[in-house]
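Listing of protein-v6.cif, mmCIF, C-alpha atoms
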data_model
loop_
_atom_site.label_atom_id
_atom_site.label_comp_id
_atom_site.auth_asym_id
_atom_site.auth_seq_id
_atom_site.Cartn_x
_atom_site.Cartn_y
_atom_site.Cartn_z
CA MET A 1 89.19 99.46 111.15
CA ARG A 2 87.19 101.60 113.57
CA TRP A 3 88.01 104.97 112.06
CA ARG A 4 84.69 106.81 111.97
CA GLY A 5 84.15 109.61 114.46
CA ARG A 6 87.85 110.12 115.13
CA ARG A 7 90.05 113.18 114.56
CA GLN A 8 90.80 114.09 110.98
CA SER A 9 94.07 115.64 109.92
CA ASP A 10 94.30 119.24 108.76
CA ASN A 11 97.22 118.29 106.52
CA VAL A 12 95.18 116.97 103.58
CA GLN A 13 95.27 119.08 100.42
CA ASP A 14 92.59 118.30 97.85
CA THR A 15 93.75 119.20 94.32
CA ARG A 16 91.28 117.02 92.46
CA GLY A 17 89.97 118.68 89.37
CA GLN A 18 92.86 121.15 89.10
CA GLY A 19 94.48 119.30 86.19
CA GLY A 20 98.17 118.81 85.48
CA GLY A 21 100.21 117.03 82.87
CA GLY A 22 103.02 114.67 82.10
CA GLY A 23 103.89 111.48 83.92
CA LEU A 24 106.37 110.11 86.43
CA GLY A 25 107.11 106.41 86.45
CA GLY A 26 106.22 105.18 89.89
CA GLY A 27 104.69 101.76 89.88
CA LEU A 28 102.49 99.92 92.28
CA GLY A 29 103.46 98.91 95.75
CA GLY A 30 103.17 101.91 97.97
CA GLY A 31 104.91 104.43 95.80
CA ARG A 32 108.28 104.43 94.14
CA LEU A 33 110.73 107.09 95.16
CA PRO A 34 112.05 109.21 92.28
CA MET A 35 115.22 107.69 90.88
CA GLY A 36 118.20 109.58 89.55
CA PRO A 37 121.13 108.49 87.42
CA ARG A 38 123.07 105.44 88.53
CA MET A 39 126.74 104.82 87.96
CA SER A 40 129.32 102.29 88.99
CA THR A 41 129.25 100.93 92.51
CA GLY A 42 130.85 103.08 95.15
CA GLY A 43 131.42 103.53 98.83
CA GLY A 44 129.21 104.58 101.68
CA GLY A 45 128.08 101.27 103.05
CA LEU A 46 124.63 100.22 104.20
CA SER A 47 125.62 100.78 107.80
CA GLY A 48 126.18 104.45 106.99
CA ILE A 49 122.42 104.98 106.89
CA ILE A 50 121.95 103.61 110.40
CA ILE A 51 124.91 105.66 111.61
CA LEU A 52 123.25 108.75 110.16
CA VAL A 53 120.04 108.03 112.08
CA ILE A 54 122.03 107.71 115.31
CA LEU A 55 123.80 110.97 114.48
CA PHE A 56 120.43 112.64 113.87
CA PHE A 57 119.24 111.89 117.40
CA ALA A 58 122.65 112.73 118.89
CA LEU A 59 122.70 116.17 117.26
CA ARG A 60 119.21 116.92 118.50
CA ALA A 61 120.23 115.94 122.02
CA CYS A 62 122.98 118.55 121.77
CA GLY A 63 120.55 121.25 120.69
CA ILE A 64 121.53 121.16 116.99
CA ASP A 65 118.76 120.88 114.42
CA PRO A 66 119.85 118.46 111.68
CA MET A 67 116.93 119.53 109.50
CA GLN A 68 118.65 122.87 108.97
CA ILE A 69 121.58 120.94 107.56
CA LEU A 70 119.43 118.67 105.41
CA ALA A 71 117.48 121.60 104.03
CA GLY A 72 120.48 122.56 101.96
CA GLY A 73 120.69 119.18 100.24
CA ASP A 74 118.70 117.19 97.69
CA GLY A 75 116.28 115.98 100.35
CA GLY A 76 115.40 119.45 101.66
CA PRO A 77 111.88 120.85 101.40
CA VAL A 78 111.16 122.93 98.30
CA SER A 79 108.04 124.26 96.62
CA GLY A 80 105.57 121.62 95.55
CA GLY A 81 104.62 123.44 92.35
CA GLY A 82 101.67 125.45 91.17
CA GLN A 83 99.12 122.64 90.98
CA VAL A 84 98.92 122.14 94.73
CA SER A 85 96.67 124.52 96.62
CA GLU A 86 98.02 124.95 100.13
CA GLY A 87 94.69 126.18 101.38
CA GLY A 88 92.51 123.67 99.56
CA ALA A 89 90.02 122.03 101.89
CA PRO A 90 89.35 118.34 101.29
CA ALA A 91 85.96 117.31 99.98
CA ASN A 92 83.64 115.80 102.54
CA ASP A 93 83.22 112.42 100.85
CA GLU A 94 83.72 109.23 102.85
CA MET A 95 87.02 108.31 101.21
CA THR A 96 88.49 111.72 101.99
CA GLN A 97 87.29 111.43 105.58
CA PHE A 98 88.95 108.01 105.79
CA VAL A 99 92.26 109.23 104.37
CA SER A 100 92.22 112.26 106.69
CA THR A 101 91.54 110.04 109.70
CA VAL A 102 94.29 107.56 108.86
CA LEU A 103 96.74 110.42 108.34
CA ALA A 104 95.72 111.83 111.74
CA GLU A 105 96.40 108.44 113.35
CA THR A 106 99.89 108.36 111.80
CA GLU A 107 100.47 111.87 113.13
CA ASP A 108 99.54 110.78 116.65
CA THR A 109 101.83 107.75 116.47
CA TRP A 110 104.89 109.49 115.06
CA ASN A 111 104.46 112.59 117.20
CA GLY A 112 104.54 110.27 120.21
CA ILE A 113 107.57 108.33 119.03
CA PHE A 114 109.56 111.46 118.18
CA GLN A 115 108.53 113.16 121.43
CA ALA A 116 109.82 110.17 123.40
CA GLU A 117 113.22 110.87 121.83
CA GLY A 118 113.04 114.57 122.66
CA LEU A 119 112.28 115.50 119.04
CA LYS A 120 109.50 117.29 117.19
CA TYR A 121 107.82 115.42 114.37
CA GLN A 122 107.26 117.48 111.23
CA GLU A 123 103.91 116.31 109.91
CA PRO A 124 103.74 115.69 106.15
CA LYS A 125 101.04 116.96 103.84
CA LEU A 126 98.93 114.44 101.93
CA VAL A 127 97.85 115.62 98.49
CA LEU A 128 94.76 114.09 96.91
CA PHE A 129 94.78 114.33 93.13
CA SER A 130 92.85 112.96 90.21
CA GLY A 131 94.58 111.94 87.00
CA GLN A 132 97.73 114.03 87.20
CA VAL A 133 99.57 116.25 89.61
CA ARG A 134 102.74 118.31 89.83
CA SER A 135 105.09 117.70 92.75
CA ALA A 136 108.58 118.89 93.62
CA CYS A 137 109.70 115.55 92.13
CA GLY A 138 108.06 116.33 88.79
CA PHE A 139 104.74 115.50 87.17
CA ALA A 140 102.97 112.32 88.19
CA SER A 141 99.95 110.46 86.86
CA SER A 142 97.59 108.04 88.53
CA ALA A 143 99.63 105.23 86.97
CA SER A 144 102.45 106.14 89.36
CA GLY A 145 100.47 104.84 92.30
CA PRO A 146 100.75 106.53 95.70
CA PHE A 147 104.18 108.07 96.26
CA TYR A 148 106.17 110.24 98.63
CA CYS A 149 108.21 113.17 97.36
CA PRO A 150 111.10 114.06 99.72
CA GLY A 151 111.58 117.38 97.90
CA ASP A 152 108.35 118.85 99.29
CA GLN A 153 107.72 116.31 102.09
CA LYS A 154 104.32 115.37 100.71
CA VAL A 155 102.47 112.12 100.12
CA TYR A 156 100.55 112.01 96.83
CA LEU A 157 97.50 109.83 96.40
CA ASP A 158 94.85 109.32 93.74
CA THR A 159 92.20 107.46 95.72
CA ALA A 160 91.18 105.65 92.52
CA PHE A 161 94.23 103.52 93.31
CA PHE A 162 92.29 101.86 96.12
CA GLY A 163 89.70 100.64 93.64
CA GLN A 164 92.48 99.18 91.51
CA LEU A 165 94.03 97.61 94.58
CA ALA A 166 90.77 95.83 95.38
CA LYS A 167 89.51 94.88 91.92
CA GLN A 168 92.69 94.25 89.96
CA PHE A 169 94.96 92.97 92.70
CA GLY A 170 92.54 91.36 95.12
CA ALA A 171 93.57 93.47 98.11
CA ALA A 172 90.34 94.98 99.40
CA GLY A 173 89.65 96.41 102.85
CA ASP A 174 90.08 99.66 104.72
CA PHE A 175 93.15 98.47 106.60
CA ALA A 176 94.80 97.45 103.32
CA GLN A 177 94.29 101.06 102.26
CA ALA A 178 95.56 102.33 105.60
CA TYR A 179 98.71 100.21 105.17
CA VAL A 180 99.44 101.96 101.86
CA ILE A 181 99.13 105.40 103.48
CA ALA A 182 101.21 104.36 106.49
CA HIS A 183 103.92 103.01 104.16
CA GLU A 184 104.22 106.39 102.44
CA VAL A 185 104.34 108.17 105.79
CA GLY A 186 107.12 105.72 106.66
CA HIS A 187 109.12 107.24 103.81
CA HIS A 188 108.55 110.66 105.38
CA VAL A 189 109.99 109.38 108.65
CA GLN A 190 112.99 108.11 106.68
CA ASN A 191 113.37 111.55 105.14
CA LEU A 192 113.25 113.34 108.49
CA THR A 193 115.86 111.03 110.01
CA GLY A 194 118.24 111.40 107.06
CA ILE A 195 117.79 107.95 105.55
CA LEU A 196 116.43 109.14 102.21
CA PRO A 197 119.03 111.91 101.73
CA LYS A 198 121.73 109.34 102.45
CA PHE A 199 120.13 106.90 100.03
CA ASN A 200 119.97 109.55 97.29
CA GLN A 201 123.63 110.37 97.85
CA MET A 202 124.78 106.74 97.76
CA ARG A 203 122.60 105.88 94.78
CA GLN A 204 124.59 108.20 92.52
CA GLN A 205 127.63 105.92 92.83
CA MET A 206 125.84 102.59 92.42
CA SER A 207 125.12 100.29 89.55
CA GLU A 208 121.46 99.74 88.73
CA ALA A 209 121.51 96.31 90.38
CA ASP A 210 123.07 97.69 93.59
CA ALA A 211 120.65 100.62 93.63
CA ASN A 212 117.71 98.21 93.28
CA GLN A 213 119.00 96.23 96.25
CA MET A 214 119.32 99.39 98.33
CA SER A 215 115.87 100.53 97.23
CA MET A 216 114.42 97.24 98.47
CA ARG A 217 115.89 97.85 101.90
CA VAL A 218 114.45 101.37 101.97
CA GLU A 219 111.01 100.13 100.91
CA LEU A 220 110.97 97.21 103.34
CA GLN A 221 111.86 99.53 106.19
CA ALA A 222 108.88 101.71 105.22
CA ASP A 223 106.75 98.54 105.40
CA CYS A 224 108.14 97.90 108.87
CA PHE A 225 107.41 101.48 109.93
CA ALA A 226 103.84 100.96 108.69
CA GLY A 227 103.72 97.91 110.94
CA VAL A 228 104.92 100.00 113.90
CA TRP A 229 102.03 102.37 113.25
CA GLY A 230 99.68 99.39 113.07
CA HIS A 231 100.99 98.19 116.45
CA TYR A 232 100.02 101.42 118.21
CA THR A 233 96.74 101.66 116.31
CA ASP A 234 95.88 98.18 117.56
CA GLN A 235 96.73 99.24 121.12
CA LYS A 236 94.06 101.95 120.79
CA GLY A 237 91.51 99.24 120.04
CA LEU A 238 90.89 100.52 116.51
CA LEU A 239 91.60 97.29 114.65
CA GLU A 240 88.86 94.81 113.88
CA GLN A 241 89.02 91.11 113.14
CA GLY A 242 90.62 90.53 109.76
CA ASP A 243 92.40 93.90 109.54
CA ILE A 244 95.91 92.52 109.87
CA GLU A 245 95.09 89.87 107.28
CA GLU A 246 94.01 92.66 104.93
CA ALA A 247 97.36 94.43 105.32
CA LEU A 248 99.35 91.22 104.91
CA ASN A 249 97.35 90.31 101.82
CA ALA A 250 98.01 93.75 100.34
CA ALA A 251 101.73 93.32 101.05
CA GLN A 252 101.61 89.99 99.24
CA GLN A 253 99.71 91.29 96.23
CA ILE A 254 102.10 94.20 95.64
CA GLY A 255 105.33 92.26 96.10
CA ASP A 256 107.71 92.55 93.15
CA ASP A 257 107.59 88.85 92.36
CA THR A 258 103.79 88.65 92.49
CA LEU A 259 103.38 91.76 90.34
CA GLN A 260 105.84 90.54 87.73
CA LYS A 261 104.21 87.11 87.54
CA ARG A 262 100.82 88.74 87.08
CA MET A 263 101.94 91.27 84.48
CA GLN A 264 104.50 89.36 82.43
CA GLY A 265 104.29 85.74 83.53
CA TYR A 266 107.83 85.49 84.89
CA VAL A 267 110.09 87.23 87.42
CA VAL A 268 113.38 89.07 87.06
CA PRO A 269 114.82 89.15 90.60
CA GLU A 270 117.61 91.59 89.76
CA SER A 271 114.96 94.17 88.86
CA PHE A 272 113.17 93.95 92.21
CA ASN A 273 113.19 97.32 94.01
CA HIS A 274 110.39 97.03 96.58
CA GLY A 275 110.75 93.48 97.86
CA THR A 276 109.10 90.14 97.32
CA SER A 277 105.66 89.35 98.73
CA GLN A 278 107.24 87.30 101.51
CA GLN A 279 109.68 90.06 102.39
CA ARG A 280 107.03 92.76 102.49
CA GLN A 281 104.79 90.64 104.70
CA ARG A 282 107.69 89.74 106.99
CA TRP A 283 108.81 93.32 107.61
CA PHE A 284 105.31 94.69 108.12
CA ALA A 285 104.70 91.89 110.62
CA ALA A 286 108.01 92.64 112.39
CA GLY A 287 106.99 96.24 113.00
CA PHE A 288 103.47 95.30 113.99
CA LYS A 289 104.57 92.64 116.48
CA SER A 290 107.23 94.72 118.23
CA GLY A 291 106.19 98.34 117.81
CA LYS A 292 109.91 99.12 117.94
CA LEU A 293 111.94 101.02 115.37
CA SER A 294 114.96 98.93 116.37
CA GLU A 295 113.24 95.93 114.78
CA CYS A 296 113.11 97.78 111.44
CA ASP A 297 116.85 97.74 110.65
CA THR A 298 116.68 96.44 107.10
CA PHE A 299 120.17 97.72 106.36
CA ASN A 300 122.21 95.60 108.74
CA ASN A 301 120.04 92.47 108.76
CA PRO A 302 119.17 89.92 106.09
CA ILE A 303 115.97 90.89 104.28
#
Target format structure tokens, applied to this file:
Amino acid sequence: MRWRGRRQSDNVQDTRGQGGGGGLGGGLGGGRLPMGPRMSTGGGGLSGIIILVILFFALRACGIDPMQILAGGDGGPVSGGGQVSEGGAPANDEMTQFVSTVLAETEDTWNGIFQAEGLKYQEPKLVLFSGQVRSACGFASSASGPFYCPGDQKVYLDTAFFGQLAKQFGAAGDFAQAYVIAHEVGHHVQNLTGILPKFNQMRQQMSEADANQMSMRVELQADCFAGVWGHYTDQKGLLEQGDIEEALNAAQQIGDDTLQKRMQGYVVPESFNHGTSQQRQRWFAAGFKSGKLSECDTFNNPI
């Protein structure tokens, strides 16, 4: 990926070395959203999420800001906790420069997409941490992998994860790393459009199996959104030969089935909550090929 010499985002917060504590189960695969209690299956319907997205854009067209409504709910922005320094400048190492550049490229893409709909994109913060960090979703450790916290609208990343991705899981390459970041930003887009708040609401009335199925659809849509970003990044001429293969390989290596086979020697499909390797590759490729959000409807189409 031709990233050097391009704009770097001002929305990177470097908290490395500030310490922390505790742990938040997250898992590999682009970051697991915090899960709450799950009960018996209930209403709502998968199509309700897509309806909410349509309502989001309709309200904005009428001059009503849906984010003011969402701010009062579970998905609204709250303080990220004392461990994050709002004014912390990122270190000037190459990895930080890379992360800042990729984040800037996602900002350009999503600002453009939202602007085309007459909306203003609220750029997320990306928090770099080492070892442990406190977020609005609780404490997290490096073992959580990269994750997005809808409570403070921040992406959290220990860049040591990229070394693990390459050495332990065989998914090396800068565009594999960019895919991971773009996936988490995809969750932010879902949060802004009301998908995550709706998911959190529906999840409370679902069995664990149903919640896992819904989580897969949420995660696969974030993969597709990452592909949409890749589409526009390719149009800028920033992708090099082999970049898409790197992203697709990463999607394969962090699929639920591949991870379970590697870690325990067998798979338990009912426990999948991110998607199989084939599914993750398919939805990233769908977004990359089309560049259209309409091709990322994982809720009303077979996955």
Q) Which one of A:Thr109, A:Ser100, A:Ser290, A:Thr193 sits closest to Thr159 (chain A) if you count all atoms listed in the file? A)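 Counting all atoms listed in the file, the residue closest to Thr159 (chain A) is A:Ser100.
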Using the chain letters and numbers from the file, which residues does the PyMOL selection byres ((chain A and resi 174-181) around 6) grab, as a JSON list (two decimals) with C-alpha atoms, in the coordinates of the input?
[["chain", "number", "residue", "atom", "x", "y", "z"],
["A", 30, "GLY", "CA", 103.17, 101.91, 97.97],
["A", 173, "GLY", "CA", 89.65, 96.41, 102.85],
["A", 182, "ALA", "CA", 101.21, 104.36, 106.49],
["A", 183, "HIS", "CA", 103.92, 103.01, 104.16],
["A", 184, "GLU", "CA", 104.22, 106.39, 102.44],
["A", 243, "ASP", "CA", 92.40, 93.90, 109.54],
["A", 246, "GLU", "CA", 94.01, 92.66, 104.93],
["A", 247, "ALA", "CA", 97.36, 94.43, 105.32],
["A", 250, "ALA", "CA", 98.01, 93.75, 100.34]]
**Q.** Interatomic distance (Å, one decimal) between CA of Gln153 (chain A) and CA of Asn191 (chain A)
**A.** 8.0 Å
(Q) Since I can't run it myself right now, could you work out what the PyMOL selection byres ((chain A and resi 249) around 9) selects here and report it as JSON, numbers by chain? (A) {"A": [170, 171, 172, 176, 244, 245, 246, 247, 248, 250, 251, 252, 253, 254, 277, 281]}
Spatial neighbours of Tyr232 (chain A), 12 Å, only C-alpha atoms, chain gap at least 5 places, as a PDB file with C-alpha atoms, in the coordinates of the input:
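Ended up saving to result05.pdb:
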ATOM      1  CA  GLU A 105      96.400 108.440 113.350  1.00  0.00           C
ATOM      2  CA  THR A 106      99.890 108.360 111.800  1.00  0.00           C
ATOM      3  CA  GLU A 107     100.470 111.870 113.130  1.00  0.00           C
ATOM      4  CA  ASP A 108      99.540 110.780 116.650  1.00  0.00           C
ATOM      5  CA  THR A 109     101.830 107.750 116.470  1.00  0.00           C
ATOM      6  CA  TRP A 110     104.890 109.490 115.060  1.00  0.00           C
ATOM      7  CA  GLY A 112     104.540 110.270 120.210  1.00  0.00           C
ATOM      8  CA  ILE A 113     107.570 108.330 119.030  1.00  0.00           C
ATOM      9  CA  PHE A 225     107.410 101.480 109.930  1.00  0.00           C
ATOM     10  CA  ALA A 226     103.840 100.960 108.690  1.00  0.00           C
ATOM     11  CA  GLY A 227     103.720  97.910 110.940  1.00  0.00           C
ATOM     12  CA  GLY A 237      91.510  99.240 120.040  1.00  0.00           C
ATOM     13  CA  LEU A 238      90.890 100.520 116.510  1.00  0.00           C
ATOM     14  CA  LEU A 239      91.600  97.290 114.650  1.00  0.00           C
ATOM     15  CA  GLY A 287     106.990  96.240 113.000  1.00  0.00           C
ATOM     16  CA  PHE A 288     103.470  95.300 113.990  1.00  0.00           C
ATOM     17  CA  LYS A 289     104.570  92.640 116.480  1.00  0.00           C
ATOM     18  CA  SER A 290     107.230  94.720 118.230  1.00  0.00           C
ATOM     19  CA  GLY A 291     106.190  98.340 117.810  1.00  0.00           C
ATOM     20  CA  LYS A 292     109.910  99.120 117.940  1.00  0.00           C
TER      21      LYS A 292
END
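If you look at CA of His188 (chain A) and CA of Ile303 (chain A), they are 21.1 Å away from each other.
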Q. Do you know which residues are at most 7 Å from region 213-221 of chain A counting only C-alpha atoms, after dropping those on the same chain fewer than 3 positions away, and could you put them as a list in words?
A.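 Close residues of region 213-221 of chain A: Ala209, Asp210, Cys224, Phe225, Asn273, His274, Gly275, Arg280, Trp283, Cys296, Asp297, Thr298 and Phe299 of chain A.
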Would you export the selected residues with C-alpha atoms as a PDB file, in the coordinates of the input, please?
ATOM      1  CA  ALA A 209     121.510  96.310  90.380  1.00  0.00           C
ATOM      2  CA  ASP A 210     123.070  97.690  93.590  1.00  0.00           C
ATOM      3  CA  CYS A 224     108.140  97.900 108.870  1.00  0.00           C
ATOM      4  CA  PHE A 225     107.410 101.480 109.930  1.00  0.00           C
ATOM      5  CA  ASN A 273     113.190  97.320  94.010  1.00  0.00           C
ATOM      6  CA  HIS A 274     110.390  97.030  96.580  1.00  0.00           C
ATOM      7  CA  GLY A 275     110.750  93.480  97.860  1.00  0.00           C
ATOM      8  CA  ARG A 280     107.030  92.760 102.490  1.00  0.00           C
ATOM      9  CA  TRP A 283     108.810  93.320 107.610  1.00  0.00           C
ATOM     10  CA  CYS A 296     113.110  97.780 111.440  1.00  0.00           C
ATOM     11  CA  ASP A 297     116.850  97.740 110.650  1.00  0.00           C
ATOM     12  CA  THR A 298     116.680  96.440 107.100  1.00  0.00           C
ATOM     13  CA  PHE A 299     120.170  97.720 106.360  1.00  0.00           C
TER      14      PHE A 299
END
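Proximity of A:Asn301, A:Ala104, A:Glu123, A:Val155 to Asp14 (chain A), computed with only C-alpha atoms, is greatest for A:Val155.
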(Q) Which residue is closest to Leu259 (chain A)? Choose from A:Leu126, A:Ala286, A:Gly163, A:Gln168 and count all atoms listed in the file. (A) A:Gln168
Q. Between CA of Pro302 (chain A) and CA of Thr233 (chain A), what is the spacing in Å?
A. 27.3 Å
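Proximity of A:Gln164, A:Gln279, A:Gln190, A:Asn300 to Tyr148 (chain A), computed with all atoms listed in the file, is greatest for A:Gln190.
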Q) Closest to Leu196 (chain A) among A:Cys149, A:Lys125, A:Lys236, A:His231, using all atoms listed in the file? A) A:Cys149
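Comparing the minimum interatomic distances between Ser135 (chain A) and each of A:Gln264, A:Asn200, A:Thr15, A:Thr258, counting all atoms listed in the file, we find that A:Thr15 sits nearest.
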Got a sec: who's within 10 Å of Arg4 (chain A), counting only C-alpha atoms, leaving out chain neighbours fewer than 3 positions off, as a tab-separated table (two decimals) with C-alpha atoms, in the coordinates of the input?
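In the end it all went to around_32.tsv:
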chain	number	residue	atom	x	y	z
A	1	MET	CA	89.19	99.46	111.15
A	7	ARG	CA	90.05	113.18	114.56
A	8	GLN	CA	90.80	114.09	110.98
A	94	GLU	CA	83.72	109.23	102.85
A	97	GLN	CA	87.29	111.43	105.58
A	98	PHE	CA	88.95	108.01	105.79
A	101	THR	CA	91.54	110.04	109.70
A	238	LEU	CA	90.89	100.52	116.51
